[in-house]
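Colleague: Submitted below is the structure of interest, expressed as structure tokens.
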Amino acid sequence: MIVIKITNASEVVASKVGKFLEALTPDDFDRNTVEDIVVKKLIENLSAEGLRGEVAAIRGLDLAASELVLQDSLHVRRHETF
């Protein structure tokens with residue numbers, strides 16, 4: 001299993017749409033947007049290499065140093081099979 005934690009979603013959105021528009025969007029929206037793009041690109045690239053599997057964007061799971069931290073409200077926000 002591979003876990004990817006995106007820590008600069010707001011900065012990426014700001015670089016694409018500008019600081020003013022980014023300031024108007026909630027951080028969760030920025031994170032969801034960037035995660036959705038990453039999931040889409042992962043599926044495209046892994047499928048092109050002949051790999052099959054599943055990708056999920058999960059709320060309530062955090063990567064802290066060398067530990068996975070589960071919060072009370074664990075929720076699969078998006079799940080894709082490829």
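By convention here, the chains of the structure tokens are called A, B, ... in the order presented, each chain's residues are numbered starting at 1, and ligands are numbered starting at 1 in the order presented.
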Where does DSSP see alpha helix (DSSP H) in stretch 18-62 of chain A, if you list the residues as a ChimeraX atom specification?
Modeller: /A:19-24,27-48
Colleague: Let me make sure I understand: among A:Ser10, A:Val3, A:Leu42, A:Leu61, which one has the smallest atom-to-atom distance to A:Ser73 if we use only C-alpha atoms?
Modeller: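 Between A:Ser10, A:Val3, A:Leu42, A:Leu61, the residue approaching A:Ser73 most closely is A:Leu61.
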Colleague: Taking the DSSP assignment computed from this structure's backbone, write out as a count of residues only all residues of chain A that belong to strand (DSSP E or B).
Modeller: 26
Colleague: Quick one: of A:Ile37, A:Glu80, A:Val13, A:Thr7, who's nearest to A:Ala64, counting only C-alpha atoms?
Modeller: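 For A:Ala64, the nearest of the given residues is A:Thr7.
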Colleague: Given the choices A:Leu68, A:Ile58, A:Ile4, A:Val34, which gets closest to A:Lys16 if the distance is worked out from only C-alpha atoms?
Modeller: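 Among the listed residues, A:Val34 lies closest to A:Lys16.
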Colleague: Can you tell me which residues surround A:Val55 at a distance of at most 7 Å, considering only C-alpha atoms, apart from same-chain residues fewer than 2 positions away, and format the answer as a ChimeraX atom specification?
Modeller: /A:39,53,79-81
Colleague: Write the residues you've just listed into a file as a PDB file, in the first residue's frame, and include C-alpha atoms for each of them.
Modeller:
```
ATOM      1  CA  VAL A  39      -6.081  10.513  -8.310  1.00  0.00           C
ATOM      2  CA  GLY A  53      -5.655  -1.660  -8.482  1.00  0.00           C
ATOM      3  CA  HIS A  79     -12.669   5.532  -4.471  1.00  0.00           C
ATOM      4  CA  GLU A  80     -11.628   4.446  -7.965  1.00  0.00           C
ATOM      5  CA  THR A  81     -10.786   1.022  -9.358  1.00  0.00           C
TER       6      THR A  81
END
```
Colleague: If we count only C-alpha atoms, what is near A:Pro26 at a cut-off of 12 Å, once residues fewer than 5 positions away on the same chain are taken out, given as a list in words?
Modeller: Ala9, Ser10, Val13, Ala14, Leu21, Arg31, Asn32 and Thr33 of chain A
Colleague: Write the residues of the preceding selection, restricted to C-alpha atoms, as a PDB file, in the first residue's frame.
Modeller:
```pdb
ATOM      1  CA  ALA A   9      -2.846  22.176  -1.929  1.00  0.00           C
ATOM      2  CA  SER A  10      -3.634  25.846  -1.232  1.00  0.00           C
ATOM      3  CA  VAL A  13      -4.470  26.305  -6.306  1.00  0.00           C
ATOM      4  CA  ALA A  14      -3.155  29.835  -5.733  1.00  0.00           C
ATOM      5  CA  LEU A  21      -9.418  33.598  -5.836  1.00  0.00           C
ATOM      6  CA  ARG A  31      -7.374  19.915  -0.886  1.00  0.00           C
ATOM      7  CA  ASN A  32     -10.239  18.023  -2.539  1.00  0.00           C
ATOM      8  CA  THR A  33      -9.527  19.613  -5.918  1.00  0.00           C
TER       9      THR A  33
END
```
Colleague: When you count only C-alpha atoms, which of these residues is closest to A:Ile6: A:Ile43, A:Val69, A:Val38, A:Ala56?
Modeller: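 Among A:Ile43, A:Val69, A:Val38, A:Ala56, it is A:Val38 that comes nearest to A:Ile6.
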